[in-house]
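Chemist: Dumping the structure here so I can ask a few things about it.
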Amino acid sequence: MFRNNNKTIVKHLAKNSLRSDKTNRRFTILTIAISVCLMFSISLIMLGTDQLHKNTQIGKAQISIIGATEKQLDKLKKQSKVEWIGETAALGYSYQKDITLNIVYADKTQITNQLKYSYTGSFPKDKNEVMLPENYLNYLHSKAKPGDIISLDLTGNGQKQDYKISGIIALNKKSDSYLVWVSKDMAKTLSKDNIFSVTAYTRLRTDAINSSQITDFAHKVIESTGIKKSQVMLTDYFAVMNALDRQGMLPYVVLFSFIILILAGIIIYGIFYSSVTKNVQSYGQLRTIGMTKKQVKKMVRKKGVNLALRGIPLGLLIGLIIGYTVCPHGFQMKNTIISAVIISVFAFFMVRVSMHTPVKLAAGTSPLAGLCYLPYKGKQKYKNNKKHHRITSERLAWMNLKRNRKKTIFTLGMFSLSGILLITTSTLSQSMSAEKKARFMYFPNGEIRLNIQRIAQSTFSKEAKNDPYRDTRLQLESNPLSNSKLLSQITKVDGVKKITPSNAVKLCITYNGTFGTTTIIANNYPTISRKQCKKINSILLSGTADYDMLTKKNGILISNSDAKIGDVYKINGRSSDGRKFEIKAPVMGTYAAGDLMEKCPVTPGSPYFLMTYDSIRKLTGVIDQTGCLTISVEPNKLKKVTKEIKTIADQNNKIDMYTLAENVRNIQVRFDQYIKALYFISVILFTFGIISLVNIVITSIALRKQEFGLLQAVGMTAEQINQMLQTETLFYTGGSFLLSTVGGFIIGGIVCNKLENTSHCIIYHYPWIVILVLAGVLLLIQFVLSFYSTRSLKKTTILERIRATE
C-alpha cells in the first residue's frame, strides 16, 4: 500500500503519532520555545541597549570645527550641505568649597540640537546674564526663577557679583560639578588673554556614518570658507553609530545564542531519540505492511518539523514580550525582524540536526527487529555473575540507571555542570573584594590620600596661566604636604592613626609602543631612595636596581608588561628655573607590578615607572619630593574622619583628597559586570539541566509502562514502583548536588587562587547560602517529579500497562 504516492498518508501518520503522545509533544514544543525565547529575548535586550546608545547621537553633529572665526562660521552656515551649527566654548573652572564650577558659553542651537537640553526662559545676551541648571540651584538651596537676581562668584577668585538668571536648564541629577552658561560678551571678557576660541558643532546633510566618508564630505563643505582641514575633528557620532565605543554587541549575542542552541539541540536530540525508541515497534509494524525506509524517515522528520513550527513561533512571541518589556525605548522593528528570522533559521536547523540520528534509527528498523525491540532495554546488556541478589526498589532503580550509561552520565553531568558553574560564580561573587584590590593597588597605607593639587584653585587666576607643572613648582617653593600646620590639623583629628608620606613628582613619559607613540602624564611619578632600591633589587625580573648607576644614567625601573631592558623612554618635566626639560631615560630593570606592591609598595597607585630621588633632584631641583600623604584611620571612625579631612582639604587650595571608598566603588562596577555575565550563563545551564532531568523522568515513565505492569503483576506494589522512580530521580538530584558542591569548591578555589596571585582581590568565602538555596531547589524538583510519577502510575491499570506498546 505504501509503494504508490501516499504523501497524505505519511502526513496523517505523523500527525496521529503526535496526537497520541501529548506529554512528549508538549514537552518538546516547550523545550524549543524556551530555547528560542532565551535567544530572542537576549538578542532584543542587547540590540535594544545598543540602539538606546545610538539614539543618544541620532540627529547630532558629525564634526566639530575648532577655532573658527565668526566670519568663517557665517560662510559655513550659508552652505547648503550644512543643516545647523552649534557654538560652544569652555572658558574655565574653579574649585569652590566641595564643588567644581564650570563656566561655558553655548548658543541656542548647541543646547537644543547637540546637548538636547530642555529649558525655561531665554539665553543670556548681556554680560550680567547667566543660565543655570536646576541641580546647581538645588545645591545653592535657591528657588530662583528666570528673571531673578542671584549672587555668584563665577571665577572662583572670592568676589561675588549679582547676575540676572535669563533661563534655567532641566538638569536634575545631583553632582559635585556644575555648569553655568554665560553670554558671548561675557565669554570674551573671561577668555584668557581675551582670546575667545569657539568650537562649532556642525550637523552635515549626510547619512554617512563611516569616518572617512564624513571627513571627505566635511572637507568639501569647508573649501570656500577659509577653515583649514586640521580644524575639523570627528565627534562621537561615527564611533557610537558604528558601535566602536562599545565594541559592538553582536559577538555577545552570537556567543550566548550559540551556547543556548547547543544546549537546546542536545535536549531536543534526547527527546526525539526517546520518542523514536519508544515507537520502534510501531515502525516495525509499518515496515511489515509495506512502508519504505524513505517514508519512515519522512514521517519522523514531519513530526519534528511540526513540533518546530509550533515551538519556534511560541518562543518568538514570549521572547518579543520579554525583550520589549525590558528595553522598550531601544525597540526597533528592523532589528526585531532580522533577529527573529536568523534565530528561527538557526533553531529550525538545530531541530533538523537533532533529528538526524533518531531518524536513522527509525528508518533502519527492520520488521523483525521492531517486533522484538524493548524500548526500555537500551543498548546495554545487563550482566551479573552473582548467583542471586535481593530484588528491592533501590536495586531495580540502579539496574535501570545502568541500562543506558551514556544517557545517565550525560544527564547527571549536564545538571552537575550548571551547579558547579553556579557555585563557582557565587564563590567568586562573594570572594572578589574590591576593597582588597583598591588597598593593594592604590591605598596600601591607609584609607584617605592627599595629593598636591595639579591646577590652581581657579583657571581664571593669574597663577593658572601657562603653568602646566604647578605641582612641581609648589614642591620646589614650599611643599604644601610638608606644611606643619596641615600635618598638625590632620594629626589632631580624632580617629587618625598614622600619616604616611610618599615621594612623587609630575613627569611626562613618551615611548613607542604597540599602537605607536604614547604619552603618559604621571602626576604621582614615584621617586625611590637608596634603601628602597635595595628592596626592589630582590624582586627584579631582569636588570639591576643599582642606585648610583640609575642616578648617573637617569635610568628607570619599569613594569615588565610595558618594556624590556635597553628600551629608551623620553621624559620631560619642569626644571628648577621654570623651563621644560626633556631627557632620554634607558630601562635598566623590570619588575612585576604585583610583586612591587606586595613586597615594597613605594607609593600608592601601582606605579609602572620608578626613578631615583637624586635623579629627580638633579632634573627638577626639588628637594622635598613628598607628593602624597596617606592617612590611616580607625575603622569605626572612618566616616567622621573623612568628613573632617575633606573640610581641611576644601579650605586648602593646594591639595586634593581621594578616598578608598571612591576607588572601591569604581572597581566594584567592573567586578559586577563579570559576575552578572557568569550568573547569566549559570542560569541558562541550570534551566536546561532541569529540562533534561524532566525529560528523563517523563520518557522513562512512558517507555516502561510494560515493565511497571509486569512488576506489579508479580507482586510489586504501586508504592514500591513509585519508590523505585523516586530513587532514580534522587540519583540525579542528589548526585548533581554532591558533584556541584565538591566541584564548585575545587574549581572555585582554583579560580580564586589564580585571581589572588594575579590581581590580589580575593578574600575567600564559600557560598553557604547559595548551597542551601540550591539544595532547596533540588528538593523542590525532586518533590515535583515524584508527584508527577505517582500521578502517572495511577492513571493506568496493570492490564493496560502490560498491553502498552508505546
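The chains in the C-alpha cells are called A, B, ... from first to last as shown; in each chain the residues are counted from 1, and the ligands are counted from 1 in the order shown.
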Please provide the set of residues having any atom within 10 Å of Lys534 (chain A), restricted to only C-alpha atoms, with same-chain residues fewer than 5 positions apart removed, written as a list in words.
Modeler: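 The residues that qualify are Ser529, Ile539, Thr544, Ala545, Asp546 and Tyr547 of chain A.
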Chemist: Would you put the residues from that selection into a file with C-alpha atoms, as a PDB file, in the first residue's frame?
Modeler:
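Saved as again_22.pdb:
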```pdb
ATOM      1  CA  SER A 529      65.612  56.146  47.891  1.00  0.00           C
ATOM      2  CA  ILE A 539      62.064  41.402  43.099  1.00  0.00           C
ATOM      3  CA  THR A 544      69.646  45.874  38.121  1.00  0.00           C
ATOM      4  CA  ALA A 545      68.487  48.381  40.718  1.00  0.00           C
ATOM      5  CA  ASP A 546      71.921  49.834  41.471  1.00  0.00           C
ATOM      6  CA  TYR A 547      71.126  53.280  42.898  1.00  0.00           C
TER       7      TYR A 547
END
```
Chemist: DSSP on the backbone: which residues in region 411-627 of chain A end up as alpha helix (DSSP H)? Give the answer as a PyMOL selection string.
Modeler: chain A and resi 411-431+434-441+470-478+484-492+530-537+547-553+593-599+613-620
Chemist: Write the residues of the preceding selection, restricted to C-alpha atoms, as a PDB file, in the first residue's frame.
Modeler:
```
ATOM      1  CA  THR A 411      22.078  13.980  32.284  1.00  0.00           C
ATOM      2  CA  LEU A 412      23.941  13.900  35.584  1.00  0.00           C
ATOM      3  CA  GLY A 413      26.921  15.702  34.046  1.00  0.00           C
ATOM      4  CA  MET A 414      24.849  18.490  32.492  1.00  0.00           C
ATOM      5  CA  PHE A 415      22.866  19.085  35.652  1.00  0.00           C
ATOM      6  CA  SER A 416      26.055  18.989  37.747  1.00  0.00           C
ATOM      7  CA  LEU A 417      27.880  21.337  35.350  1.00  0.00           C
ATOM      8  CA  SER A 418      25.232  24.008  35.845  1.00  0.00           C
ATOM      9  CA  GLY A 419      25.506  23.591  39.610  1.00  0.00           C
ATOM     10  CA  ILE A 420      29.312  23.721  39.537  1.00  0.00           C
ATOM     11  CA  LEU A 421      29.259  26.912  37.462  1.00  0.00           C
ATOM     12  CA  LEU A 422      26.644  28.424  39.762  1.00  0.00           C
ATOM     13  CA  ILE A 423      28.655  27.660  42.905  1.00  0.00           C
ATOM     14  CA  THR A 424      31.917  28.772  41.273  1.00  0.00           C
ATOM     15  CA  THR A 425      30.283  32.046  40.219  1.00  0.00           C
ATOM     16  CA  SER A 426      28.836  32.526  43.703  1.00  0.00           C
ATOM     17  CA  THR A 427      32.240  31.800  45.239  1.00  0.00           C
ATOM     18  CA  LEU A 428      33.806  34.440  43.014  1.00  0.00           C
ATOM     19  CA  SER A 429      30.990  36.894  43.699  1.00  0.00           C
ATOM     20  CA  GLN A 430      31.410  36.593  47.463  1.00  0.00           C
ATOM     21  CA  SER A 431      35.211  36.334  47.395  1.00  0.00           C
ATOM     22  CA  ALA A 434      37.018  45.464  45.504  1.00  0.00           C
ATOM     23  CA  GLU A 435      38.320  46.907  48.774  1.00  0.00           C
ATOM     24  CA  LYS A 436      41.238  44.482  48.906  1.00  0.00           C
ATOM     25  CA  LYS A 437      42.207  45.279  45.328  1.00  0.00           C
ATOM     26  CA  ALA A 438      41.891  49.012  45.964  1.00  0.00           C
ATOM     27  CA  ARG A 439      44.007  48.754  49.105  1.00  0.00           C
ATOM     28  CA  PHE A 440      46.636  46.638  47.389  1.00  0.00           C
ATOM     29  CA  MET A 441      46.945  48.751  44.249  1.00  0.00           C
ATOM     30  CA  ARG A 470      52.139  73.780  39.087  1.00  0.00           C
ATOM     31  CA  ASP A 471      52.524  70.855  41.477  1.00  0.00           C
ATOM     32  CA  THR A 472      56.279  70.621  40.783  1.00  0.00           C
ATOM     33  CA  ARG A 473      56.620  74.383  41.344  1.00  0.00           C
ATOM     34  CA  LEU A 474      54.815  74.080  44.687  1.00  0.00           C
ATOM     35  CA  GLN A 475      57.157  71.271  45.755  1.00  0.00           C
ATOM     36  CA  LEU A 476      60.140  73.415  44.796  1.00  0.00           C
ATOM     37  CA  GLU A 477      58.929  76.577  46.540  1.00  0.00           C
ATOM     38  CA  SER A 478      57.205  75.250  49.683  1.00  0.00           C
ATOM     39  CA  SER A 484      53.473  71.786  59.726  1.00  0.00           C
ATOM     40  CA  LYS A 485      50.083  73.433  60.197  1.00  0.00           C
ATOM     41  CA  LEU A 486      48.416  70.959  57.803  1.00  0.00           C
ATOM     42  CA  LEU A 487      50.084  67.960  59.440  1.00  0.00           C
ATOM     43  CA  SER A 488      49.064  69.218  62.873  1.00  0.00           C
ATOM     44  CA  GLN A 489      45.436  69.654  61.778  1.00  0.00           C
ATOM     45  CA  ILE A 490      45.316  66.104  60.421  1.00  0.00           C
ATOM     46  CA  THR A 491      47.049  64.582  63.456  1.00  0.00           C
ATOM     47  CA  LYS A 492      44.550  66.217  65.820  1.00  0.00           C
ATOM     48  CA  ARG A 530      68.822  54.120  48.154  1.00  0.00           C
ATOM     49  CA  LYS A 531      67.228  51.939  50.819  1.00  0.00           C
ATOM     50  CA  GLN A 532      64.162  51.254  48.657  1.00  0.00           C
ATOM     51  CA  CYS A 533      66.434  50.367  45.719  1.00  0.00           C
ATOM     52  CA  LYS A 534      67.913  47.504  47.710  1.00  0.00           C
ATOM     53  CA  LYS A 535      64.444  46.104  48.444  1.00  0.00           C
ATOM     54  CA  ILE A 536      63.346  46.441  44.837  1.00  0.00           C
ATOM     55  CA  ASN A 537      66.500  44.689  43.618  1.00  0.00           C
ATOM     56  CA  TYR A 547      71.126  53.280  42.898  1.00  0.00           C
ATOM     57  CA  ASP A 548      74.289  55.067  41.744  1.00  0.00           C
ATOM     58  CA  MET A 549      74.089  53.661  38.228  1.00  0.00           C
ATOM     59  CA  LEU A 550      70.410  54.585  37.897  1.00  0.00           C
ATOM     60  CA  THR A 551      71.162  58.128  39.079  1.00  0.00           C
ATOM     61  CA  LYS A 552      74.165  58.591  36.787  1.00  0.00           C
ATOM     62  CA  LYS A 553      72.327  57.482  33.618  1.00  0.00           C
ATOM     63  CA  ALA A 593      53.728  45.394  39.308  1.00  0.00           C
ATOM     64  CA  GLY A 594      52.027  42.956  41.690  1.00  0.00           C
ATOM     65  CA  ASP A 595      55.339  41.960  43.291  1.00  0.00           C
ATOM     66  CA  LEU A 596      56.288  45.606  43.757  1.00  0.00           C
ATOM     67  CA  MET A 597      53.069  46.492  45.581  1.00  0.00           C
ATOM     68  CA  GLU A 598      53.149  43.304  47.639  1.00  0.00           C
ATOM     69  CA  LYS A 599      56.750  43.393  48.849  1.00  0.00           C
ATOM     70  CA  TYR A 613      65.396  60.568  44.314  1.00  0.00           C
ATOM     71  CA  ASP A 614      68.744  62.043  43.233  1.00  0.00           C
ATOM     72  CA  SER A 615      67.867  61.821  39.532  1.00  0.00           C
ATOM     73  CA  ILE A 616      64.693  63.821  40.150  1.00  0.00           C
ATOM     74  CA  ARG A 617      66.541  66.365  42.343  1.00  0.00           C
ATOM     75  CA  LYS A 618      69.133  66.809  39.595  1.00  0.00           C
ATOM     76  CA  LEU A 619      66.455  67.310  36.911  1.00  0.00           C
ATOM     77  CA  THR A 620      63.835  69.359  38.783  1.00  0.00           C
TER      78      THR A 620
END
```
Chemist: Please determine, counting only C-alpha atoms, which residue among A:Ile556, A:Leu541, A:Ala200, A:Leu320 has the shortest atom-to-atom distance to Asn335 (chain A).
Modeler: A:Leu320
